[in-house]
Amino acid sequence: MQATEIEEQILHQKAKVEWLKHGDGNTTYFHATVRGENRITGIYNLEDSNGRRLSNQPDIENEVIHFYENLIGKSTSQLKHVDITVLRNGTQLEDKDRDTLVQPITDQEIWKELGSIGDTKAPGVDGFSEKFFKAAWNVVGGDVKRAIHDFFFSGKDAPCH
């Protein structure tokens, strides 16, 4: 059982590496994959503003365009929006809880979040998976933590090399 799971994880990673090599470009492979995903995630039924169910693609497209065209140039009194009065009268965070939202991220939080990511997730642009970072944490952890702290301090992503 254990060997089967490991073999499945290896095949899963190989498929992701293959996608990185061939899929993220303007290739036939890329477009075939996108078409396949769109078949799964497409919108096939939509209810219009009059409550009618639309199922053919031109009608669905027209309804989406019509919906967004009606949003353009409308004042906020005509649109559904956040009611500030209700928001202010609703549940509020205590000062101490609000302060925790703007505290610097800790090294423990970084490690905890890394631990929450599955080992079989797709490798990043550098080709390394979360499993690598977890296994090599004593070597790469300082650099990773520094990059994350820099990101939260400056708001800029680390440059890729």
# chains A, B, ... in the order shown; residues from 1 in each chain; ligands from 1
>>> residues_around(residues="stretch 47-50 of chain A", least_positions_apart="2", cutoff="12 Å", atoms="only C-alpha atoms", output="PyMOL selection string")
chain A and resi 43-45+52-56+59-67+70
>>> closest_residue(among="A:Ala147, A:Leu93, A:Leu114, A:Val102", to="A:Phe133", atoms="only C-alpha atoms")
A:Leu114
>>> atom_distance(atom1="atom CA of A:Ile6", atom2="atom CA of A:Gly118")
13.7 Å
>>> closest_residue(among="A:Arg146, A:Lys134, A:Arg88, A:Arg98", to="A:Trp111", atoms="only C-alpha atoms")
A:Lys134
>>> atom_distance(atom1="atom CA of A:Glu109", atom2="atom CA of A:Gly155")
17.9 Å
>>> closest_residue(among="A:Ile110, A:Leu46, A:Leu71, A:Val86", to="A:Trp137", atoms="only C-alpha atoms")
A:Ile110
